[in-house]
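S.K.: Sharing a structure here in structure tokens format.
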There are 2 protein chains.
Amino acid sequence: MPPGYRFYPTEEELISFYLHHKLQHNNNININCVIPLLDVYRFEPWQLPRHCGELCHGDPEQWFFFVLRQEREVRGGRPSRTTVSGYWKATGSPSYVHSSDGRVIGVKKSMVFYKGRAPTGTKTKWKMNEYRAIFKDDVPTSIPKLRHEVSLCRVYVVSGSSRAFDRRPTAMETS
Amino acid sequence: MPPGYRFYPTEEELISFYLHHKLQHNNNININCVIPLLDVYRFEPWQLPRHCGELCHGDPEQWFFFVLRQEREVRGGRPSRTTVSGYWKATGSPSYVHSSDGRVIGVKKSMVFYKGRAPTGTKTKWKMNEYRAIFKDDVPTSIPKLRHEVSLCRVYVVSGSSRAFDRRPTAMETS
């Protein structure tokens with residue numbers, strides 16, 4: 001790829017392409033090279049970049065992983081988001097993710113990593129967005145539902161330094 | 001390219017790769033497919049997206065062009081940035097662009113498009129960053145200088161609507 005080309009997906013691409021393919025077991029080799037499956041809670045956040053997909057190696061900004069639903073969650077419990085040195089804690093409420101044509105395609109949960117033990121941990125600059133897909137199977141009688149089996153996580157750090165192109169322009173207009 | 005891969009360059013890539021190659025007449029086919037040469041002031045801003053490089057077609061957010069120095073500028077005058085329906089006006093002062101290792105590699109000028117005639121035009125959401133490179137030739141006695149022959153322009157629109165990943169995470173940290 002020429003310089004300047006990189007994996008910089010929209011939320012719609014993450015959910016409607018990558019997470020859908022994963023949930024439907026389309027184990028396309030490309031998908032795993034871009035977003036590998038990883039038990040992210042087995043690692044400290046700063047150990048995660050080295051586990052990113054081989055087609056994303058060297059990205060200094062964000063890292064994507066598929067995460068399987070935990071056994072305890074399957075049994076009706078709450079997922080454990082504790083690591084050796086700290087824990088991930090939700091910020092705000094989960095929100096819906098919409099497609100560009102306005103459909104609800106998923107749910108997004110944002111988390112911050114704290115060092116130490118709850119509730120006295122110290123906030124760090126490591127953040128995560130966790131996406132789950134809402135969709136129906138390719139069966140006429142299927143109804144849309146939230147799919148818990150696999151989530152897609154985007155890990156990133158918030159830095160105080162300004163950077164060119166932080167301000168991403170958005171939708172195109174014609175006048 | 002898999003979904004989610006797109007041209008999303010840093011300023012350093014724009015200047016140190018694309019603008020340098022253009023200034024040194026490395027007319028690599030790939031460069032022109034990514035960033036074509038265009039007299040952007042012959043067009044209204046909203047006509048520019050359709051002229052973007054073929055490897056960037058469909059980008060709804062930003063459009064890149066090389067722009068030759070105008071004849072009047074060669075003769076010592078100021079460049080004309082007037083179109084049929086309006087004009088581009090500088091905002092703020094030009095600023096230096098630094099490489100990731102801290103060297104000054106260029107100058108950046110930001111502009112906003114106004115409809116009508118100065119000084120009574122109406123501000124629009126169309127913006128432009130104009131980059132010029134500062135570098136020295138591959139000659140031992142060469143000293144760094146601002147290169148005016150070609151600039152690189154990034155055209156984009158500012159929208160009020162929020163979009164996921166507007167807030168780009170920046171430098172990676174290890175704790």
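Numbering starts fresh at 1 for the residues of each chain in the structure tokens, the chains themselves are lettered A, B, ... in the order given, and ligands are numbered from 1 as they appear.
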How would you write, as number ranges by chain, the set of residues in segment 28-164 of chain B that DSSP gives as alpha helix (DSSP H)?
M.R.: B: 29-34, 71-74
S.K.: Which residues come within 6 Å of segment 31-43 of chain B, counting only C-alpha atoms, excluding same-chain residues fewer than 2 positions away, as a ChimeraX atom specification?
M.R.: /B:28-29,53-55,64-67,81,83
S.K.: Out of B:Val104, B:Met128, B:Val150, B:Leu68, which residue has the shortest atom-to-atom distance to chain A when counting only C-alpha atoms?
M.R.: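 Nearest candidate to chain A out of B:Val104, B:Met128, B:Val150, B:Leu68: B:Met128.
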S.K.: Identify which of the residues A:His20, A:Arg69, A:Arg78, A:Lys89 lies closest to Gly106 of chain A, counting only C-alpha atoms when measuring atom-to-atom distances.
M.R.: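 Using only C-alpha atoms, the shortest distance to Gly106 of chain A belongs to A:His20.
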S.K.: For a test of reading the model, state the distance in Å between atom CA of His98 of chain A and atom CA of Thr124 of chain A, rounded to one decimal.
M.R.: 28.9 Å
S.K.: Using only C-alpha atoms, determine which residues lie at most 8 Å from segment 132-140 of chain A, disregarding the query and same-chain residues fewer than 5 positions distant; provide the list as an MDAnalysis selection string.
M.R.: chainID A and resid 15:16 19:20 104:108 145:148 150:152
S.K.: State, in Å with one decimal place, the distance from atom CA of Glu13 of chain A to atom CA of Gly4 of chain B.
M.R.: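 Between atom CA of Glu13 of chain A and atom CA of Gly4 of chain B the gap works out to 6.2 Å.
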S.K.: So, with only C-alpha atoms as the atoms that count, which of B:Ser110, B:Ser93, B:Asn26, B:Gln47 lies closest to chain A?
M.R.: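 Ranking B:Ser110, B:Ser93, B:Asn26, B:Gln47 by distance to chain A, first place goes to B:Gln47.
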